[in-house]
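Read the structure below first, then the notes.
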Amino acid sequence: MSDTILNIENITKSFPRVIANKKVTFDIKKNAVHAILGENGAGKSTLVKILYGLLEPDEGNIKLNNKDFKVNSPAEARKQGIGMVFQHFSLFDSLSVKENLILGIDEKMSYSDLEDKLENISSRYNLPLDLDAPITALSAGEKQRVEIVRILLQDPQILIMDEPTSVLTPQEVESLFVTLNALVKEGRTILYITHKLEEVISICDTVTIMRSGEIIDTSSTANQTAKTLATKMLGQKLDDLKTNYEHIKDEVNFEVKNISCDFNDPFLTDLKNISFQVRVGEIYGIAGVAGNGQSELMDILTGENINIKSGSITFDNKKIEKYGPQKRRDLSISFVPENRLGHSAVPELSLSENILLSQFPKNNFIKNGIILKNNVDDFANNVINEFKVITPGNDAKASSLSGGNLQKYVIGREISSKPKILIISHPTWGIDAGAEHSIRESLIELSQNGTSIIVISQDLDELIEITHKISVIYDGNLSKPFKTSEIEIEKLGLLMGGKNE
Amino acid sequence: MNSLFPSIVSRSQSSGLMNFFVPIISIVLTLITGSIIFVLLGFDPVYALYTFFISPISSTYGISELFVKATPLALIAIGLSYCFKNNIYNIGAEGQLTMGAIFGGGIGILFHDTNAFWLLPLMIFVGAIGGALWGLIPAILKTKFNTNEILTSLMLVYVALFILDYLVVGPWKDPFGYSFPKSRPFSESGRMPLLFDGLRVHFGLIITLFLIFVSWFIFSKTIFGFQLKVSGYSPKAARYAGFNQTTLVFFAFAICGAFAGIAGLAEVSGPIGLLYRDISPNYGFTAIIVAFLGRLHPIGIIFASLVIALTYLGAEDAQLFLQIPSAVGFIFQGLVLFYLLGAELLINYKLTYKKLL
């Protein structure tokens, strides 16, 4: 009997625009914690979804205990001995812990059997549970315990954990690690999906690193440091730098000082003492793995959330932290949030109508409350022509445009009013390469004409290509800025993984 | 060979054509179902449908009655559109109508022996205020305490009805009314002028058409109408745009309440002429059906109000000539709403027959 439990061979899975897994091949040893490390979009989730029967691979084989393994649904996967704990819990909030556990069982089981089993699991693996508590009353860590117990009731050989620590407190993380160690001691195998370098080193035995859908390396964690892992995870991304610093003025026109914000919500990240400065004509990048406070920060920068605990935002010598979005636009601040459909554009409305979502003082779209349709249409046509948006006309609904075209349109709308500062989140997320290139070009051109730009993005390539300075956001903390032309990729990788030497 | 049952496939873009046809489909299905019901009750369906839908409007008087009933329905429905476009489910228009009747009617009772040109305008204005104030209660509860406006607006209907009840048997009872639960009649100048001699259709119709036109203008030409629409489609986009959603909720409720209030006042100062218990045969609730049947569009609402008004008249004729309870009218209204909600699926989905291998 070999000590390999799972052989993954040549798994390929492509989606309409991307190849999410390219000939992925590696083995997972029995009785170990095996990490899959990679940035967002590296293909980790696709791979585990295939293992758990949620996706079907285009090519390749998987062998479990040297036997062919092919499942079409999570229920089948569980039957074969693979269980998974998702990053976002799937529990019924209004039911009790016990009721949730009963609902998760696939087979018939008598009530007393269940209680015995629960007792046993709870004590063996350090998973204390109050069976009668309603789910709403539990902390994120306790909810995760319910999920783990639910999976363990099925006695899986392999347990997949998807970013398990993303919603936990440090104490809860400690306690989770005790549980994982106990599970491994019993002979189970854990597949641990993460982007956090420290966790890989402290609890995993083997690590597989993925980048752009491919396996970069599979090796023991024994002789790895956070630094070597970071380099492999991010790759060498310092090619063709053409950032130009000459046009940047010394004058700071946007300053965020000591912004803190508590949300009291396990799915939101509290912001801790965030400060940064942007100079006229500068492109300032905020890097980081998703879910580290980017969207929370974006809401505060746009004025959609003005309930901050402390701190200030200064623009052109005005304190604007209490201004709503329209008041900020009146000062010539423009913004493009991450989601196009339903946030920066309304899918049900025409392109022309979507212009009206973002009005600047010099636009002249409205007189005495009445919409000047001709002016709006002219503006829309202008954006369509200038930014080469492919559409039958300004009366087409926003929902009929492809992602890239709509993004070009939204960014065009914001840029056309020549704002003094543009705050943009994930400018090229989910769009094709052509649109990506033209958007990056127009951002660089805009900055050369004196507009300051703040770019929040997970795409490190993008930030390195277009920004002048980069900070990293991790768990609601923003690092100090680094000049993009002198940046060390390892340093960024360490910061994104939460390691600040 | 195609499979027997169609499968439902999502359309890439909602169908404009279906948006137009859905009300028609639902009316046709209602008529078919209605015929089946008549057959089951033992009536000749052709005769029954004729009695229900044709005979009531085969005279000038009948057509006038159709407009009398359609007037409050259309006016309330256009008011409800302000709420529904903004995704606010105000279903308490009946209460707002009642409050409008109480406020405006109160002025009528106060000046029951005054004859002056200003009396009716004052009653209309105060009626609008009454409806608007009643509408603002759920608005405040929703924006301050995040309560569900469906529940609060509905419950306030009954509060308003009980207040009217109390007034007409208590302080506002007609001293010469032999203890009947009704108020004094309004003076002649407190009544809606009739448009034609001998017919009951009144000036409320003109007010309604005017307010429908104004609403069309607001919905299609003004930034306020645009804001209502955006915040209905996507609250997040409205927040991004910086629209003040609290203000929009207040305006939508106040306008809807005011329109329902005017409709209530038009009823009591029009056909009725005084305040009593049953001033409205559920116009406030039925107008919800009218608003949706008219697809929240001003022109659509005009047609929808006529169709639904016909079910009121048809029910009366059916009771008279077929000895069927007039509640059959409500069955037809219910059927229209039922099929309407069902057929809405066709706007965003289409049915396709899959080929079987």
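Residue numbers start at 1 in each chain; chains themselves are named A, B, ... in the order of the structure tokens; ligands are numbered from 1 in the order shown.
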
Sel. of helix (DSSP H, G or I) residues, region 317-355 of chain A, as a ChimeraX atom specification:
/A:325-330,351-355

Neighbouring residues of Thr169 (chain A) were defined as those with any atom within 9 Å, considering only C-alpha atoms; residues of the same chain fewer than 5 positions away were excluded. Please report them as number ranges by chain.
A: 140-141, 174

Let me see the file: selected residues, N, CA and C atoms, as a PDB file, in the first residue's frame.
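The resulting file, again10.pdb, is reproduced below:
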```pdb
ATOM      1  N   ALA A 140     -18.240  33.389  14.283  1.00  0.00           N
ATOM      2  CA  ALA A 140     -17.813  32.769  13.026  1.00  0.00           C
ATOM      3  C   ALA A 140     -17.078  31.450  13.296  1.00  0.00           C
ATOM      4  N   GLY A 141     -16.243  31.450  14.334  1.00  0.00           N
ATOM      5  CA  GLY A 141     -15.481  30.250  14.644  1.00  0.00           C
ATOM      6  C   GLY A 141     -16.380  29.091  15.046  1.00  0.00           C
ATOM      7  N   GLU A 174      -5.999  29.359  16.338  1.00  0.00           N
ATOM      8  CA  GLU A 174      -5.239  28.427  17.176  1.00  0.00           C
ATOM      9  C   GLU A 174      -6.028  27.149  17.418  1.00  0.00           C
TER      10      GLU A 174
END
```

For chain A, which residues have at least one atom within 6 Å of chain B, if we go by only C-alpha atoms? Write them as a list in words, please.
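Written out as asked, the residues are Pro325, Gln326, Gly342, His343, Ser344, Leu357, Ser358, Gly369, Ile370 and Ile371 of chain A.
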
Enumerate, in order of chain and increasing residue number, the residues of region 308-418 of chain A with an atom no farther than 10 Å from region 276-289 of chain A, each with its shortest atom pair and distance in Å to one decimal, counting only C-alpha atoms, as JSON lines.
```
{"residue": "A:Ile313", "atom": "CA", "partner": "A:Phe276", "partner_atom": "CA", "distance": 9.6}
{"residue": "A:Thr314", "atom": "CA", "partner": "A:Gln277", "partner_atom": "CA", "distance": 9.4}
{"residue": "A:Phe315", "atom": "CA", "partner": "A:Val278", "partner_atom": "CA", "distance": 9.8}
```

C-alpha atoms of the current selection, written as a CSV table (one decimal), in the first residue's frame:
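Dumped to part.csv:
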```csv
chain,number,residue,atom,x,y,z
A,313,ILE,CA,-10.1,62.5,4.3
A,314,THR,CA,-8.8,65.8,2.9
A,315,PHE,CA,-9.1,66.8,-0.7
```

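If you count only C-alpha atoms and ignore residues fewer than 3 places along the chain from Ser212 (chain A), what sits within 9 Å of it is Ile19, Ala20, Asn21, Lys22, Gly38, Glu39, Gly41, Ala42, Gly43 and Ile215 of chain A.
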
Excluding Leu6 (chain A) and its own-chain neighbours fewer than 6 positions away, which residues fall within 6 Å of it when counting only C-alpha atoms? Please give them as a VMD selection string.
chain A and resid 27 to 28 63 to 64

May I have the residues within 10 Å of Ile8 (chain B) as a PyMOL selection string, using only C-alpha atoms and disregarding those fewer than 2 positions away in the same chain?
chain B and resi 5-6+10-11+345-346+348-353

Based on the selection just made, write N, CA and C atoms of those residues as a PDB file, in the first residue's frame.
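What follows is the written file out_11.pdb:
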```
ATOM      1  N   PHE B   5     -43.145  18.704 -22.532  1.00  0.00           N
ATOM      2  CA  PHE B   5     -43.240  19.910 -21.720  1.00  0.00           C
ATOM      3  C   PHE B   5     -42.141  20.899 -22.084  1.00  0.00           C
ATOM      4  N   PRO B   6     -42.487  22.174 -22.179  1.00  0.00           N
ATOM      5  CA  PRO B   6     -41.461  23.152 -22.509  1.00  0.00           C
ATOM      6  C   PRO B   6     -40.530  23.367 -21.320  1.00  0.00           C
ATOM      7  N   SER B  10     -33.843  31.296 -19.588  1.00  0.00           N
ATOM      8  CA  SER B  10     -33.696  32.716 -19.293  1.00  0.00           C
ATOM      9  C   SER B  10     -33.394  33.494 -20.572  1.00  0.00           C
ATOM     10  N   ARG B  11     -34.076  34.615 -20.751  1.00  0.00           N
ATOM     11  CA  ARG B  11     -33.767  35.471 -21.904  1.00  0.00           C
ATOM     12  C   ARG B  11     -32.537  36.298 -21.585  1.00  0.00           C
ATOM     13  N   LEU B 345     -43.449  35.935 -15.811  1.00  0.00           N
ATOM     14  CA  LEU B 345     -42.300  35.066 -16.075  1.00  0.00           C
ATOM     15  C   LEU B 345     -41.840  35.207 -17.518  1.00  0.00           C
ATOM     16  N   LEU B 346     -42.803  35.409 -18.426  1.00  0.00           N
ATOM     17  CA  LEU B 346     -42.476  35.442 -19.855  1.00  0.00           C
ATOM     18  C   LEU B 346     -41.648  36.659 -20.240  1.00  0.00           C
ATOM     19  N   ASN B 348     -38.945  37.788 -18.645  1.00  0.00           N
ATOM     20  CA  ASN B 348     -37.516  37.494 -18.517  1.00  0.00           C
ATOM     21  C   ASN B 348     -37.132  36.066 -18.897  1.00  0.00           C
ATOM     22  N   TYR B 349     -38.123  35.230 -19.162  1.00  0.00           N
ATOM     23  CA  TYR B 349     -37.824  33.846 -19.544  1.00  0.00           C
ATOM     24  C   TYR B 349     -38.644  33.487 -20.773  1.00  0.00           C
ATOM     25  N   LYS B 350     -38.164  32.528 -21.518  1.00  0.00           N
ATOM     26  CA  LYS B 350     -38.981  32.040 -22.619  1.00  0.00           C
ATOM     27  C   LYS B 350     -39.137  30.532 -22.494  1.00  0.00           C
ATOM     28  N   LEU B 351     -40.180  30.034 -23.130  1.00  0.00           N
ATOM     29  CA  LEU B 351     -40.420  28.602 -23.108  1.00  0.00           C
ATOM     30  C   LEU B 351     -39.857  28.013 -24.389  1.00  0.00           C
ATOM     31  N   THR B 352     -39.072  26.969 -24.256  1.00  0.00           N
ATOM     32  CA  THR B 352     -38.586  26.313 -25.470  1.00  0.00           C
ATOM     33  C   THR B 352     -38.845  24.822 -25.348  1.00  0.00           C
ATOM     34  N   TYR B 353     -39.094  24.210 -26.485  1.00  0.00           N
ATOM     35  CA  TYR B 353     -39.301  22.771 -26.510  1.00  0.00           C
ATOM     36  C   TYR B 353     -37.986  22.124 -26.888  1.00  0.00           C
TER      37      TYR B 353
END
```

Could you please determine the separation between CA of Ser295 (chain A) and CA of Asn307 (chain A) in Å, to one decimal place?
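Distance between the two atoms: 14.7 Å.
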
Write out as number ranges by chain each polymer residue whose atoms come within 7 Å of region 120-122 of chain B, counting only C-alpha atoms; drop sequence neighbours fewer than 2 positions from it.
B: 117-118, 124-126, 189-191

For Gly16 (chain B), find every residue with an atom within 12 Å (counting only C-alpha atoms), except residues of its own chain fewer than 5 positions away, and show them as a ChimeraX atom specification.
/A:348,397 /B:11,21-22,295,344,346-348

Selection to disk with N, CA and C atoms, as an mmCIF file, in the first residue's frame:
```cif
data_model
loop_
_atom_site.group_PDB
_atom_site.id
_atom_site.type_symbol
_atom_site.label_atom_id
_atom_site.label_comp_id
_atom_site.auth_asym_id
_atom_site.auth_seq_id
_atom_site.Cartn_x
_atom_site.Cartn_y
_atom_site.Cartn_z
ATOM 1 N N GLU A 348 -30.826 47.396 -16.275
ATOM 2 C CA GLU A 348 -32.123 47.546 -16.944
ATOM 3 C C GLU A 348 -32.249 48.865 -17.693
ATOM 4 N N LYS A 397 -29.644 48.650 -23.806
ATOM 5 C CA LYS A 397 -29.597 48.472 -22.350
ATOM 6 C C LYS A 397 -28.185 48.099 -21.906
ATOM 7 N N ARG B 11 -34.076 34.615 -20.751
ATOM 8 C CA ARG B 11 -33.767 35.471 -21.904
ATOM 9 C C ARG B 11 -32.537 36.298 -21.585
ATOM 10 N N PHE B 21 -47.541 42.404 -23.970
ATOM 11 C CA PHE B 21 -48.532 41.349 -24.146
ATOM 12 C C PHE B 21 -48.988 40.687 -22.845
ATOM 13 N N VAL B 22 -48.144 40.745 -21.822
ATOM 14 C CA VAL B 22 -48.488 40.051 -20.580
ATOM 15 C C VAL B 22 -49.874 40.442 -20.044
ATOM 16 N N ARG B 295 -48.881 47.951 -15.962
ATOM 17 C CA ARG B 295 -47.414 47.903 -15.996
ATOM 18 C C ARG B 295 -46.799 49.200 -15.489
ATOM 19 N N GLU B 344 -45.855 37.157 -15.895
ATOM 20 C CA GLU B 344 -44.662 38.007 -15.805
ATOM 21 C C GLU B 344 -43.389 37.225 -16.086
ATOM 22 N N LEU B 346 -42.803 35.409 -18.426
ATOM 23 C CA LEU B 346 -42.476 35.442 -19.855
ATOM 24 C C LEU B 346 -41.648 36.659 -20.240
ATOM 25 N N ILE B 347 -41.614 37.672 -19.357
ATOM 26 C CA ILE B 347 -40.829 38.858 -19.705
ATOM 27 C C ILE B 347 -39.339 38.534 -19.654
ATOM 28 N N ASN B 348 -38.945 37.788 -18.645
ATOM 29 C CA ASN B 348 -37.516 37.494 -18.517
ATOM 30 C C ASN B 348 -37.132 36.066 -18.897
#
```

Tell me, in Å to one decimal, how far CA of Tyr339 (chain B) is from CA of Leu228 (chain B).
26.9 Å
